[in-house]
$ cat coords.cif   # mmCIF, C-alpha atoms
data_input
loop_
_atom_site.label_atom_id
_atom_site.label_comp_id
_atom_site.auth_asym_id
_atom_site.auth_seq_id
_atom_site.Cartn_x
_atom_site.Cartn_y
_atom_site.Cartn_z
CA MET A 1 119.80 64.68 108.94
CA PRO A 2 117.53 62.84 106.60
CA GLN A 3 117.27 59.34 108.07
CA ARG A 4 114.36 58.39 105.93
CA GLY A 5 114.23 58.03 102.18
CA PHE A 6 113.05 60.70 99.81
CA GLU A 7 110.18 58.55 98.61
CA GLU A 8 108.95 57.87 102.12
CA VAL A 9 108.99 61.55 102.97
CA VAL A 10 107.61 63.06 99.78
CA LEU A 11 105.09 60.56 98.36
CA PRO A 12 102.66 60.77 101.29
CA HIS A 13 102.32 64.51 100.59
CA LEU A 14 102.05 64.27 96.82
CA ASP A 15 98.27 64.72 96.82
CA ALA A 16 98.65 67.89 98.89
CA ALA A 17 101.37 69.11 96.52
CA PHE A 18 99.28 68.39 93.44
CA ASN A 19 96.08 69.89 94.84
CA TYR A 20 97.95 73.07 95.81
CA ALA A 21 99.65 73.27 92.39
CA ARG A 22 96.37 72.58 90.61
CA TRP A 23 94.64 75.44 92.40
CA LEU A 24 97.58 77.74 91.74
CA THR A 25 97.86 76.91 88.03
CA LYS A 26 94.20 76.05 87.35
CA SER A 27 95.36 73.43 84.85
CA ASP A 28 96.06 69.70 85.21
CA ALA A 29 98.99 69.75 82.81
CA ASP A 30 100.68 72.79 84.39
CA ALA A 31 100.12 71.38 87.87
CA GLU A 32 101.82 68.13 86.86
CA ASP A 33 104.77 70.02 85.42
CA VAL A 34 105.11 72.14 88.54
CA VAL A 35 104.97 69.17 90.91
CA GLN A 36 107.43 67.20 88.82
CA ASP A 37 109.90 70.09 88.76
CA ALA A 38 109.29 70.63 92.46
CA ALA A 39 110.11 66.96 93.13
CA VAL A 40 113.42 67.32 91.31
CA ARG A 41 114.24 70.41 93.35
CA ALA A 42 113.09 68.69 96.52
CA LEU A 43 115.46 65.84 95.77
CA ARG A 44 118.33 68.27 95.32
CA PHE A 45 117.58 70.02 98.61
CA PHE A 46 116.56 66.89 100.46
CA SER A 47 119.54 67.13 102.81
CA SER A 48 118.32 70.56 103.96
CA LEU A 49 115.03 69.11 105.19
CA ARG A 50 114.76 69.11 108.94
CA ASN A 51 112.92 66.08 110.14
CA ASP A 52 109.71 67.70 111.27
CA ASP A 53 108.10 69.66 108.48
CA ALA A 54 108.06 67.66 105.24
CA ARG A 55 104.64 68.76 104.07
CA ALA A 56 105.21 72.48 104.60
CA TRP A 57 108.67 72.06 103.10
CA LEU A 58 107.31 70.35 99.97
CA LEU A 59 104.48 72.86 99.57
CA THR A 60 106.99 75.70 99.83
CA ILE A 61 109.03 74.15 97.03
CA VAL A 62 105.88 73.72 94.93
CA ARG A 63 105.06 77.37 95.52
CA ASN A 64 108.55 78.56 94.57
CA THR A 65 108.54 76.40 91.45
CA TRP A 66 105.18 77.74 90.38
CA TYR A 67 106.29 81.28 91.13
CA ALA A 68 109.46 80.90 89.07
CA ARG A 69 107.51 79.54 86.12
CA PHE A 70 104.35 81.51 86.08
CA SER A 71 104.93 84.76 87.89
CA LYS A 72 105.07 86.78 84.66
CA PRO A 73 101.92 88.82 84.98
CA GLY A 74 98.95 87.38 83.15
CA ARG A 75 100.70 84.19 82.10
CA ALA A 76 98.93 81.86 84.48
CA GLU A 77 95.91 84.01 85.17
CA GLN A 78 94.78 84.07 81.55
CA ARG A 79 94.25 80.35 81.36
CA LEU A 80 91.09 80.05 83.27
CA VAL A 81 89.94 76.49 82.79
CA LEU A 82 86.67 75.50 84.33
CA ASP A 83 86.66 71.75 84.55
CA ASP A 84 83.62 69.74 85.29
CA MET A 85 83.28 68.74 88.87
CA LYS A 86 85.41 65.67 89.29
CA ASP A 87 85.69 65.19 92.94
CA GLU A 88 82.51 66.45 94.28
CA ARG A 89 81.61 65.45 97.77
CA PRO A 90 77.88 65.73 98.19
CA ASP A 91 76.29 65.90 101.57
CA ASP A 92 74.33 62.67 102.05
CA GLN A 93 72.04 64.29 104.56
CA LEU A 94 70.36 66.48 101.94
CA ASP A 95 67.30 65.62 99.88
CA PRO A 96 67.67 65.55 96.04
CA GLU A 97 66.45 69.09 95.49
CA ALA A 98 68.71 70.52 98.17
CA LEU A 99 71.59 68.52 96.66
CA VAL A 100 71.08 70.17 93.28
CA ILE A 101 71.08 73.59 94.92
CA GLN A 102 74.20 72.71 96.90
CA ARG A 103 75.97 71.46 93.77
CA GLN A 104 75.28 74.74 92.01
CA ALA A 105 76.47 76.65 95.04
CA VAL A 106 79.71 74.65 95.18
CA LYS A 107 80.30 75.29 91.47
CA GLN A 108 79.80 79.00 92.01
CA VAL A 109 82.23 78.94 94.95
CA GLN A 110 84.80 77.06 92.87
CA ARG A 111 84.60 79.66 90.13
CA ALA A 112 84.79 82.49 92.66
CA ILE A 113 87.94 80.99 94.25
CA GLU A 114 89.55 80.58 90.82
CA GLU A 115 88.92 84.24 90.13
CA LEU A 116 90.63 85.37 93.34
CA PRO A 117 94.17 86.74 93.07
CA ALA A 118 96.68 83.96 93.79
CA ASP A 119 97.71 85.48 97.16
CA PHE A 120 94.20 85.07 98.49
CA ARG A 121 93.43 81.87 96.62
CA GLU A 122 96.37 79.96 98.06
CA VAL A 123 95.67 80.76 101.72
CA ILE A 124 92.06 79.68 101.28
CA VAL A 125 93.12 76.40 99.65
CA LEU A 126 95.80 75.71 102.29
CA ARG A 127 93.40 76.45 105.12
CA GLU A 128 90.11 74.97 103.92
CA LEU A 129 91.27 72.07 101.73
CA GLU A 130 94.57 71.10 103.35
CA GLY A 131 93.50 72.06 106.88
CA LEU A 132 96.82 73.74 107.65
CA SER A 133 97.10 75.90 110.78
CA TYR A 134 97.99 79.59 110.45
CA LYS A 135 101.51 78.76 111.58
CA GLU A 136 101.91 76.11 108.90
CA ILE A 137 100.51 78.38 106.19
CA ALA A 138 102.91 81.12 107.29
CA ALA A 139 105.79 78.66 106.83
CA VAL A 140 104.63 77.67 103.33
CA ILE A 141 104.09 81.18 101.99
CA GLY A 142 107.01 82.70 103.89
CA ALA A 143 104.95 85.45 105.52
CA PRO A 144 104.06 86.36 109.11
CA ILE A 145 100.97 84.84 110.74
CA GLY A 146 99.32 88.28 110.75
CA THR A 147 99.57 88.32 106.95
CA VAL A 148 98.00 84.87 106.73
CA MET A 149 95.11 86.08 108.85
CA SER A 150 94.52 89.27 106.89
CA ARG A 151 94.71 87.47 103.53
CA LEU A 152 92.21 84.87 104.69
CA ALA A 153 89.93 87.63 105.93
CA ARG A 154 90.16 89.60 102.68
CA GLY A 155 89.82 86.46 100.53
CA ARG A 156 86.70 85.40 102.37
CA GLU A 157 85.23 88.91 102.23
CA ARG A 158 85.73 88.87 98.47
CA LEU A 159 84.10 85.47 98.13
CA LEU A 160 81.16 86.57 100.26
CA ALA A 161 80.82 89.67 98.10
CA ILE A 162 80.98 87.71 94.81
CA LEU A 163 78.57 85.01 95.90
CA ASP A 164 74.84 85.12 95.90
CA PRO A 165 73.93 86.09 99.51
CA ASP A 166 71.41 83.23 99.69
CA LEU A 167 74.25 80.73 99.38
CA THR A 168 76.01 81.76 102.51
CA THR A 169 73.11 82.64 104.74
CA GLY A 170 70.49 80.10 103.68
CA GLY A 171 72.30 77.20 105.30
CA ALA A 172 73.16 78.99 108.49
CA ARG A 173 69.84 80.35 109.62
CA MET B 1 84.72 93.36 122.87
CA ASN B 2 82.82 95.59 120.48
CA CYS B 3 81.96 94.99 116.83
CA PRO B 4 85.18 96.37 115.25
CA GLU B 5 87.29 94.35 117.70
CA VAL B 6 85.38 91.18 116.91
CA ASP B 7 85.67 91.97 113.23
CA ARG B 8 89.47 92.09 113.52
CA VAL B 9 89.65 88.50 114.83
CA ILE B 10 86.58 87.00 113.18
CA ASP B 11 88.65 84.71 110.91
CA ALA B 12 90.94 83.54 113.68
CA TYR B 13 87.82 82.88 115.76
CA SER B 14 86.15 80.92 112.96
CA ASP B 15 89.35 78.93 112.36
CA ASP B 16 89.84 78.04 116.04
CA GLU B 17 93.07 79.98 116.11
CA LEU B 18 92.23 82.31 119.02
CA GLY B 19 93.38 81.70 122.59
CA ALA B 20 90.70 80.48 125.01
CA ALA B 21 90.34 83.84 126.77
CA GLU B 22 89.95 85.81 123.57
CA ALA B 23 87.53 83.26 122.10
CA ALA B 24 85.39 83.58 125.24
CA GLU B 25 85.29 87.37 124.78
CA VAL B 26 84.15 86.91 121.19
CA ARG B 27 81.44 84.48 122.29
CA ALA B 28 80.23 86.91 124.92
CA HIS B 29 79.84 89.58 122.25
CA LEU B 30 78.09 87.19 119.85
CA ASP B 31 75.53 86.43 122.54
CA VAL B 32 74.36 90.01 122.44
CA CYS B 33 75.06 91.04 118.82
CA PRO B 34 72.92 89.52 116.03
CA ALA B 35 74.90 91.34 113.31
CA CYS B 36 78.23 89.77 114.30
CA ARG B 37 76.54 86.43 114.85
CA HIS B 38 75.28 86.64 111.30
CA ARG B 39 78.79 87.39 110.02
CA VAL B 40 80.23 84.37 111.84
CA ALA B 41 77.43 82.16 110.47
CA ALA B 42 78.09 83.40 106.93
CA ARG B 43 81.77 82.41 107.29
CA ALA B 44 80.80 79.00 108.59
CA SER B 45 78.52 78.27 105.65
CA LEU B 46 81.10 79.68 103.20
CA GLY B 47 83.65 77.28 104.74
CA GLY B 48 81.20 74.40 104.29
CA LEU B 49 80.85 75.21 100.59
CA ILE B 50 84.58 75.72 100.02
CA ARG B 51 85.37 72.31 101.52
CA ARG B 52 83.19 70.70 98.85
CA VAL B 53 85.10 72.11 95.87
CA PRO B 54 87.28 69.54 94.04
CA TYR B 55 90.29 68.17 95.84
CA TYR B 56 92.75 67.30 93.09
CA ALA B 57 94.59 64.10 93.96
CA ALA B 58 97.93 63.48 92.24
CA PRO B 59 97.57 61.33 89.11
CA ASP B 60 99.27 57.92 89.23
CA ARG B 61 101.75 58.73 86.47
CA LEU B 62 102.99 61.69 88.52
CA ARG B 63 103.45 59.42 91.52
CA VAL B 64 105.50 57.04 89.39
CA ALA B 65 107.54 59.87 87.88
CA VAL B 66 108.41 61.25 91.30
CA ALA B 67 109.24 57.82 92.68
CA THR B 68 111.67 57.16 89.81
CA ALA B 69 113.22 60.63 90.03
CA ARG B 70 114.95 59.84 93.28
CA ARG B 71 116.34 56.46 92.27
CA SER B 72 119.47 57.95 90.84
CA ALA B 73 120.22 59.78 94.06
CA ARG B 74 119.83 57.05 96.61
CA VAL B 75 122.47 56.68 99.33
CA SER B 76 124.30 53.38 98.95
CA PRO B 77 123.72 50.71 101.62
CA ARG B 78 127.46 50.58 102.27
CA VAL B 79 127.49 54.20 103.39
CA LEU B 80 124.55 53.50 105.70
CA ALA B 81 126.29 50.44 107.19
CA TRP B 82 129.39 52.51 107.84
CA ALA B 83 127.32 55.24 109.50
CA ALA B 84 125.64 52.64 111.71
CA MET B 85 129.04 51.35 112.84
CA VAL B 86 130.14 54.84 113.77
CA THR B 87 126.94 55.35 115.77
CA LEU B 88 127.47 52.05 117.58
CA ALA B 89 131.08 52.91 118.39
CA VAL B 90 130.02 56.25 119.83
CA SER B 91 127.34 54.70 122.05
CA VAL B 92 129.65 51.95 123.32
CA GLY B 93 132.31 54.54 124.03
CA SER B 94 130.04 56.63 126.19
CA GLY B 95 130.51 54.16 129.07
CA THR B 96 128.94 55.21 132.35
CA VAL B 97 125.21 55.50 132.33
CA THR B 98 124.40 58.85 133.80
CA ARG B 99 120.96 60.33 134.24
CA ALA B 100 121.51 62.50 131.21
CA VAL B 101 122.24 59.46 129.10
CA ARG B 102 119.15 57.70 130.39
CA VAL B 103 117.01 60.71 129.56
CA ARG B 104 118.57 60.75 126.12
CA GLN B 105 117.87 57.04 125.68
CA ALA B 106 114.23 57.58 126.68
CA ALA B 107 114.05 60.41 124.15
CA ALA B 108 115.59 58.17 121.50
CA ALA B 109 113.11 55.36 122.33
CA THR B 110 110.25 57.82 122.00
CA THR B 111 111.62 59.19 118.75
CA ALA B 112 111.96 55.66 117.37
CA ALA B 113 108.40 54.88 118.47
CA ALA B 114 107.11 58.09 116.87
CA GLN B 115 108.85 57.14 113.62
CA ASP B 116 107.16 53.71 113.74
CA VAL B 117 103.84 55.47 114.28
CA VAL B 118 104.30 57.68 111.23
CA ALA B 119 105.50 54.71 109.16
CA SER B 120 102.41 52.68 110.11
CA HIS B 121 100.15 55.62 109.34
CA VAL B 122 101.69 56.13 105.89
CA ARG B 123 101.63 52.40 105.16
CA ALA B 124 97.92 52.28 106.03
CA LEU B 125 97.11 55.31 103.88
CA MET B 126 99.06 54.18 100.84
CA ALA B 127 97.95 50.57 100.81
CA THR B 128 94.31 49.60 100.58
CA GLN B 129 94.40 48.15 104.08
CA LEU B 130 93.26 51.17 106.05
CA LEU B 131 90.27 49.32 107.54
CA ASP B 132 89.78 45.67 108.55
CA VAL B 133 86.46 46.53 110.15
CA ARG B 134 84.43 49.40 108.76
CA SER B 135 81.90 50.85 111.15
CA THR B 136 81.01 54.14 112.78
CA ASP B 137 79.66 52.24 115.79
CA GLN B 138 82.05 51.84 118.73
CA HIS B 139 80.01 48.78 119.83
CA THR B 140 80.89 47.05 116.56
CA VAL B 141 84.54 48.08 116.41
CA LYS B 142 85.51 47.23 120.00
CA PRO B 143 84.26 43.59 119.98
CA TRP B 144 85.89 43.05 116.58
CA PHE B 145 89.29 43.06 118.29
CA LEU B 146 88.23 40.26 120.66
CA GLY B 147 90.29 37.15 120.10
CA LYS B 148 92.59 39.00 117.71
CA LEU B 149 94.54 40.79 120.44
CA ASP B 150 95.26 39.86 124.06
CA PHE B 151 93.93 43.21 125.25
CA SER B 152 90.79 45.21 124.61
CA PRO B 153 91.33 48.76 123.34
CA PRO B 154 88.96 51.48 124.62
CA VAL B 155 86.94 52.80 121.66
CA ASP B 156 85.31 56.22 121.99
CA ASP B 157 82.68 57.78 119.80
CA LEU B 158 83.81 61.31 118.95
CA ALA B 159 81.27 62.04 116.20
CA PRO B 160 79.47 64.55 118.45
CA ILE B 161 82.55 66.78 118.40
CA GLY B 162 83.21 66.28 114.70
CA PHE B 163 85.65 63.35 114.62
CA PRO B 164 83.57 60.38 113.43
CA LEU B 165 84.95 56.88 113.91
CA VAL B 166 85.29 55.07 110.57
CA GLY B 167 86.62 51.71 111.73
CA GLY B 168 89.66 49.80 112.90
CA ARG B 169 92.30 47.30 111.91
CA LEU B 170 95.10 45.20 113.32
CA ASP B 171 98.49 46.79 112.86
CA HIS B 172 101.90 46.71 114.42
CA LEU B 173 104.33 49.26 115.83
CA GLY B 174 107.82 47.91 115.50
CA ALA B 175 107.28 44.26 116.49
CA ASP B 176 104.30 44.84 118.79
CA PRO B 177 100.74 44.12 117.64
CA VAL B 178 98.46 47.11 118.20
CA ALA B 179 94.83 48.04 117.73
CA ALA B 180 94.51 50.82 115.14
CA LEU B 181 91.37 52.95 115.41
CA VAL B 182 90.60 55.15 112.46
CA TYR B 183 88.84 58.49 112.80
CA GLN B 184 88.13 61.14 110.24
CA ARG B 185 88.00 64.93 110.16
CA ARG B 186 86.91 66.27 106.77
CA GLN B 187 89.23 64.43 104.36
CA HIS B 188 91.92 63.90 107.01
CA ILE B 189 92.44 60.45 108.46
CA ILE B 190 93.52 60.09 112.09
CA ASN B 191 95.07 56.80 113.15
CA VAL B 192 95.05 56.00 116.87
CA PHE B 193 97.32 53.13 117.90
CA VAL B 194 96.60 51.45 121.23
CA ARG B 195 98.53 48.79 123.14
CA PRO B 196 99.12 47.94 126.80
CA ALA B 197 101.60 50.28 128.45
CA VAL B 198 105.03 48.79 129.08
CA ASP B 199 107.93 50.61 130.63
CA SER B 200 110.39 50.53 127.77
CA GLY B 201 112.00 53.85 128.53
CA GLU B 202 109.43 55.63 126.41
CA ALA B 203 108.25 59.00 127.64
CA LEU B 204 104.71 59.11 129.02
CA THR B 205 103.56 61.92 126.79
CA ASP B 206 104.95 63.36 123.63
CA THR B 207 103.95 66.00 121.11
CA ARG B 208 105.81 66.43 117.89
CA ALA B 209 105.61 66.98 114.15
CA LEU B 210 107.39 64.37 112.11
CA GLY B 211 107.62 64.11 108.33
CA GLY B 212 104.71 66.50 107.90
CA PHE B 213 102.46 64.64 110.31
CA GLN B 214 101.37 65.61 113.79
CA VAL B 215 102.06 62.90 116.36
CA ARG B 216 100.67 62.74 119.92
CA HIS B 217 101.43 60.18 122.59
CA TRP B 218 99.80 59.61 125.97
CA THR B 219 99.07 56.89 128.52
CA ARG B 220 95.73 56.25 130.17
CA GLY B 221 94.35 53.39 132.25
CA GLY B 222 97.24 51.01 131.60
CA MET B 223 97.09 51.62 127.84
CA THR B 224 99.46 53.66 125.77
CA PHE B 225 98.11 55.69 122.85
CA TRP B 226 99.61 57.23 119.74
CA ALA B 227 97.58 59.52 117.48
CA VAL B 228 98.92 60.54 114.08
CA SER B 229 97.41 62.64 111.29
CA ASP B 230 98.11 65.28 108.69
CA LEU B 231 95.43 67.33 110.43
CA ASN B 232 96.67 70.66 111.80
CA ASP B 233 98.01 70.77 115.37
CA THR B 234 95.09 72.74 116.87
CA GLU B 235 92.41 70.32 115.73
CA LEU B 236 94.46 67.23 116.56
CA ASP B 237 95.01 68.56 120.08
CA GLN B 238 91.26 69.03 120.41
CA PHE B 239 90.80 65.40 119.34
CA VAL B 240 93.44 64.13 121.77
CA ARG B 241 91.96 66.12 124.66
CA ALA B 242 88.61 64.42 124.02
CA LEU B 243 90.28 61.01 124.38
CA GLN B 244 91.95 61.97 127.68
CA PRO B 245 89.37 62.20 130.47
#

$ encode --input "coords.cif" --output "structure tokens"
Amino acid sequence: MPQRGFEEVVLPHLDAAFNYARWLTKSDADAEDVVQDAAVRALRFFSSLRNDDARAWLLTIVRNTWYARFSKPGRAEQRLVLDDMKDERPDDQLDPEALVIQRQAVKQVQRAIEELPADFREVIVLRELEGLSYKEIAAVIGAPIGTVMSRLARGRERLLAILDPDLTTGGAR
Amino acid sequence: MNCPEVDRVIDAYSDDELGAAEAAEVRAHLDVCPACRHRVAARASLGGLIRRVPYYAAPDRLRVAVATARRSARVSPRVLAWAAMVTLAVSVGSGTVTRAVRVRQAAAATTAAAQDVVASHVRALMATQLLDVRSTDQHTVKPWFLGKLDFSPPVDDLAPIGFPLVGGRLDHLGADPVAALVYQRRQHIINVFVRPAVDSGEALTDTRALGGFQVRHWTRGGMTFWAVSDLNDTELDQFVRALQP
């Protein structure tokens, strides 16, 4: 029973949709294509949207669209584009030297996430960048909560193993 | 708990997804186990780094493309008018006001209010009018409302628990003027709408997800509060609990 318009429901979550697609595809152009296709699909299935879960619903459609387009093995994974940092959020509490070190660390983390298999990459992005709960992630990826938890655990273990140990212990001591 | 048991739930613990009892057991183990403590700390600093990687916002041309995509499929106003008439006819026809009907009306009032809350939140995020007064200091934000509203909203500083105040603005819910307090958690904005409590058949508390946003409603000290955010439910509940003494 969609009482509200498509635009009202979808546009507020467009950043989330694009960020998710961008991390899945690792390319601006592909992410735009995926989100645009997803919007067309979303419009077609708009009547099936229950009133309470527009963001998870839209992210699920983005995921399915990406999957349909890029799931041929190697197709998406080969195009590893390392953009310059565009949207870096430095920590204003650090001195200049510490900032440089943090920036390098963030760049290394970005690269490490991009190298993760998509299954692990997406749960990390949904959790850490979108702030979704396990339940919400489970709805987006269509898997049980236990799977969400084990993928997050394995994804993080891999990142910790790839990264320089100083990066992840230095700040916490 | 021992180390392997802690290891099994270490992510859920770090993500605040464990129940209170289980989290307490993990904490008890961490108090006595430096190795597990180290593993939790490593996850925390990894999380801090991950949250600084680029967040890719949708480009404007994509926003425009999506907005135009739906134009062709809009429901005509005449259909909506007809649907409204049917709804009216049904409610007039229901006659006697029983308790069940009153409960349903209260639920409908609350639903309508929650929809206003989400609409105001989205309007504030999409326009450039999120903040009329920008300050992290509750003693600046609270007096700012003086003379602009005929009530004084309580303003709490929640920075110590990780929800810094960023400012406030005047807004409205339906036709009523409200104080909007803006808090932040990472890149998520939380709007808190405050106005004097009136008995309009609204429920006293409400918890729901609407249009991809979490919405919370409560009443305290003669004021009624609505909190809305795209933050996940666990963290928003933590925020709301801090505002309810």

$ closest_atom_pairs --input "coords.cif" --of "segment 101-189 of chain B" --to "segment 115-129 of chain A" --cutoff "10 Å" --atoms "all atoms listed in the file" --output "JSON lines"
{"residue": "B:Arg186", "atom": "CA", "partner": "A:Leu129", "partner_atom": "CA", "distance": 8.8}
{"residue": "B:Gln187", "atom": "CA", "partner": "A:Leu129", "partner_atom": "CA", "distance": 8.3}
{"residue": "B:His188", "atom": "CA", "partner": "A:Leu129", "partner_atom": "CA", "distance": 9.7}

$ interface_residues --input "coords.cif" --of "chain B" --to "chain A" --cutoff "9 Å" --atoms "all atoms listed in the file" --output "PDB file with C-alpha atoms, keeping the file's coordinate frame"
ATOM      1  CA  ARG B   8      89.470  92.090 113.520  1.00  0.00           C
ATOM      2  CA  VAL B   9      89.650  88.500 114.830  1.00  0.00           C
ATOM      3  CA  ILE B  10      86.580  87.000 113.180  1.00  0.00           C
ATOM      4  CA  ASP B  11      88.650  84.710 110.910  1.00  0.00           C
ATOM      5  CA  ALA B  12      90.940  83.540 113.680  1.00  0.00           C
ATOM      6  CA  ASP B  15      89.350  78.930 112.360  1.00  0.00           C
ATOM      7  CA  GLU B  17      93.070  79.980 116.110  1.00  0.00           C
ATOM      8  CA  HIS B  38      75.280  86.640 111.300  1.00  0.00           C
ATOM      9  CA  ALA B  41      77.430  82.160 110.470  1.00  0.00           C
ATOM     10  CA  ALA B  42      78.090  83.400 106.930  1.00  0.00           C
ATOM     11  CA  ARG B  43      81.770  82.410 107.290  1.00  0.00           C
ATOM     12  CA  ALA B  44      80.800  79.000 108.590  1.00  0.00           C
ATOM     13  CA  SER B  45      78.520  78.270 105.650  1.00  0.00           C
ATOM     14  CA  LEU B  46      81.100  79.680 103.200  1.00  0.00           C
ATOM     15  CA  GLY B  47      83.650  77.280 104.740  1.00  0.00           C
ATOM     16  CA  GLY B  48      81.200  74.400 104.290  1.00  0.00           C
ATOM     17  CA  LEU B  49      80.850  75.210 100.590  1.00  0.00           C
ATOM     18  CA  ILE B  50      84.580  75.720 100.020  1.00  0.00           C
ATOM     19  CA  ARG B  51      85.370  72.310 101.520  1.00  0.00           C
ATOM     20  CA  ARG B  52      83.190  70.700  98.850  1.00  0.00           C
ATOM     21  CA  VAL B  53      85.100  72.110  95.870  1.00  0.00           C
ATOM     22  CA  PRO B  54      87.280  69.540  94.040  1.00  0.00           C
ATOM     23  CA  TYR B  55      90.290  68.170  95.840  1.00  0.00           C
ATOM     24  CA  TYR B  56      92.750  67.300  93.090  1.00  0.00           C
ATOM     25  CA  ALA B  57      94.590  64.100  93.960  1.00  0.00           C
ATOM     26  CA  ALA B  58      97.930  63.480  92.240  1.00  0.00           C
ATOM     27  CA  PRO B  59      97.570  61.330  89.110  1.00  0.00           C
ATOM     28  CA  LEU B  62     102.990  61.690  88.520  1.00  0.00           C
ATOM     29  CA  ARG B  63     103.450  59.420  91.520  1.00  0.00           C
ATOM     30  CA  ALA B  65     107.540  59.870  87.880  1.00  0.00           C
ATOM     31  CA  VAL B  66     108.410  61.250  91.300  1.00  0.00           C
ATOM     32  CA  ALA B  67     109.240  57.820  92.680  1.00  0.00           C
ATOM     33  CA  ALA B  69     113.220  60.630  90.030  1.00  0.00           C
ATOM     34  CA  ARG B  70     114.950  59.840  93.280  1.00  0.00           C
ATOM     35  CA  ALA B  73     120.220  59.780  94.060  1.00  0.00           C
ATOM     36  CA  ARG B  74     119.830  57.050  96.610  1.00  0.00           C
ATOM     37  CA  VAL B  75     122.470  56.680  99.330  1.00  0.00           C
ATOM     38  CA  ALA B 119     105.500  54.710 109.160  1.00  0.00           C
ATOM     39  CA  VAL B 122     101.690  56.130 105.890  1.00  0.00           C
ATOM     40  CA  LEU B 125      97.110  55.310 103.880  1.00  0.00           C
ATOM     41  CA  MET B 126      99.060  54.180 100.840  1.00  0.00           C
ATOM     42  CA  ARG B 186      86.910  66.270 106.770  1.00  0.00           C
ATOM     43  CA  GLN B 187      89.230  64.430 104.360  1.00  0.00           C
ATOM     44  CA  HIS B 188      91.920  63.900 107.010  1.00  0.00           C
ATOM     45  CA  ARG B 208     105.810  66.430 117.890  1.00  0.00           C
ATOM     46  CA  ALA B 209     105.610  66.980 114.150  1.00  0.00           C
ATOM     47  CA  LEU B 210     107.390  64.370 112.110  1.00  0.00           C
ATOM     48  CA  GLY B 211     107.620  64.110 108.330  1.00  0.00           C
ATOM     49  CA  GLY B 212     104.710  66.500 107.900  1.00  0.00           C
ATOM     50  CA  PHE B 213     102.460  64.640 110.310  1.00  0.00           C
ATOM     51  CA  GLN B 214     101.370  65.610 113.790  1.00  0.00           C
ATOM     52  CA  ASP B 230      98.110  65.280 108.690  1.00  0.00           C
ATOM     53  CA  LEU B 231      95.430  67.330 110.430  1.00  0.00           C
ATOM     54  CA  ASN B 232      96.670  70.660 111.800  1.00  0.00           C
ATOM     55  CA  ASP B 233      98.010  70.770 115.370  1.00  0.00           C
ATOM     56  CA  THR B 234      95.090  72.740 116.870  1.00  0.00           C
ATOM     57  CA  GLU B 235      92.410  70.320 115.730  1.00  0.00           C
TER      58      GLU B 235
END

$ resolve_selection --input "coords.cif" --expression "the PyMOL selection byres ((chain B and resi 207) around 12)" --output "MDAnalysis selection string"
(chainID A and resid 52) or (chainID B and resid 107 110:111 114 203:206 208:210 213:218 225:228 233:234 236:237 240)

$ write_last_selection --input "coords.cif" --atoms "C-alpha atoms" --output "mmCIF file, in the coordinates of the input"
data_model
loop_
_atom_site.group_PDB
_atom_site.id
_atom_site.type_symbol
_atom_site.label_atom_id
_atom_site.label_comp_id
_atom_site.auth_asym_id
_atom_site.auth_seq_id
_atom_site.Cartn_x
_atom_site.Cartn_y
_atom_site.Cartn_z
ATOM 1 C CA ASP A 52 109.710 67.700 111.270
ATOM 2 C CA ALA B 107 114.050 60.410 124.150
ATOM 3 C CA THR B 110 110.250 57.820 122.000
ATOM 4 C CA THR B 111 111.620 59.190 118.750
ATOM 5 C CA ALA B 114 107.110 58.090 116.870
ATOM 6 C CA ALA B 203 108.250 59.000 127.640
ATOM 7 C CA LEU B 204 104.710 59.110 129.020
ATOM 8 C CA THR B 205 103.560 61.920 126.790
ATOM 9 C CA ASP B 206 104.950 63.360 123.630
ATOM 10 C CA ARG B 208 105.810 66.430 117.890
ATOM 11 C CA ALA B 209 105.610 66.980 114.150
ATOM 12 C CA LEU B 210 107.390 64.370 112.110
ATOM 13 C CA PHE B 213 102.460 64.640 110.310
ATOM 14 C CA GLN B 214 101.370 65.610 113.790
ATOM 15 C CA VAL B 215 102.060 62.900 116.360
ATOM 16 C CA ARG B 216 100.670 62.740 119.920
ATOM 17 C CA HIS B 217 101.430 60.180 122.590
ATOM 18 C CA TRP B 218 99.800 59.610 125.970
ATOM 19 C CA PHE B 225 98.110 55.690 122.850
ATOM 20 C CA TRP B 226 99.610 57.230 119.740
ATOM 21 C CA ALA B 227 97.580 59.520 117.480
ATOM 22 C CA VAL B 228 98.920 60.540 114.080
ATOM 23 C CA ASP B 233 98.010 70.770 115.370
ATOM 24 C CA THR B 234 95.090 72.740 116.870
ATOM 25 C CA LEU B 236 94.460 67.230 116.560
ATOM 26 C CA ASP B 237 95.010 68.560 120.080
ATOM 27 C CA VAL B 240 93.440 64.130 121.770
#

$ atom_distance --input "coords.cif" --atom1 "atom CA of Asp60 of chain B" --atom2 "atom CA of Ala124 of chain B"
17.8 Å

$ atom_distance --input "coords.cif" --atom1 "atom CA of Asp156 of chain B" --atom2 "atom CA of Lys142 of chain B"
9.2 Å

$ residues_around --input "coords.cif" --residues "Leu30 of chain B" --least-positions-apart "4" --cutoff "10 Å" --atoms "all atoms listed in the file" --output "compact mmCIF listing (two decimals) with C-alpha atoms, in the frame of the given file"
# COMPACT_ATOMS: atom_id res chain seq x y z
CA MET B 1 84.72 93.36 122.87
CA ASN B 2 82.82 95.59 120.48
CA CYS B 3 81.96 94.99 116.83
CA VAL B 6 85.38 91.18 116.91
CA ALA B 24 85.39 83.58 125.24
CA GLU B 25 85.29 87.37 124.78
CA VAL B 26 84.15 86.91 121.19
CA PRO B 34 72.92 89.52 116.03
CA ALA B 35 74.90 91.34 113.31
CA CYS B 36 78.23 89.77 114.30
CA ARG B 37 76.54 86.43 114.85
CA HIS B 38 75.28 86.64 111.30
CA ARG B 39 78.79 87.39 110.02
CA VAL B 40 80.23 84.37 111.84
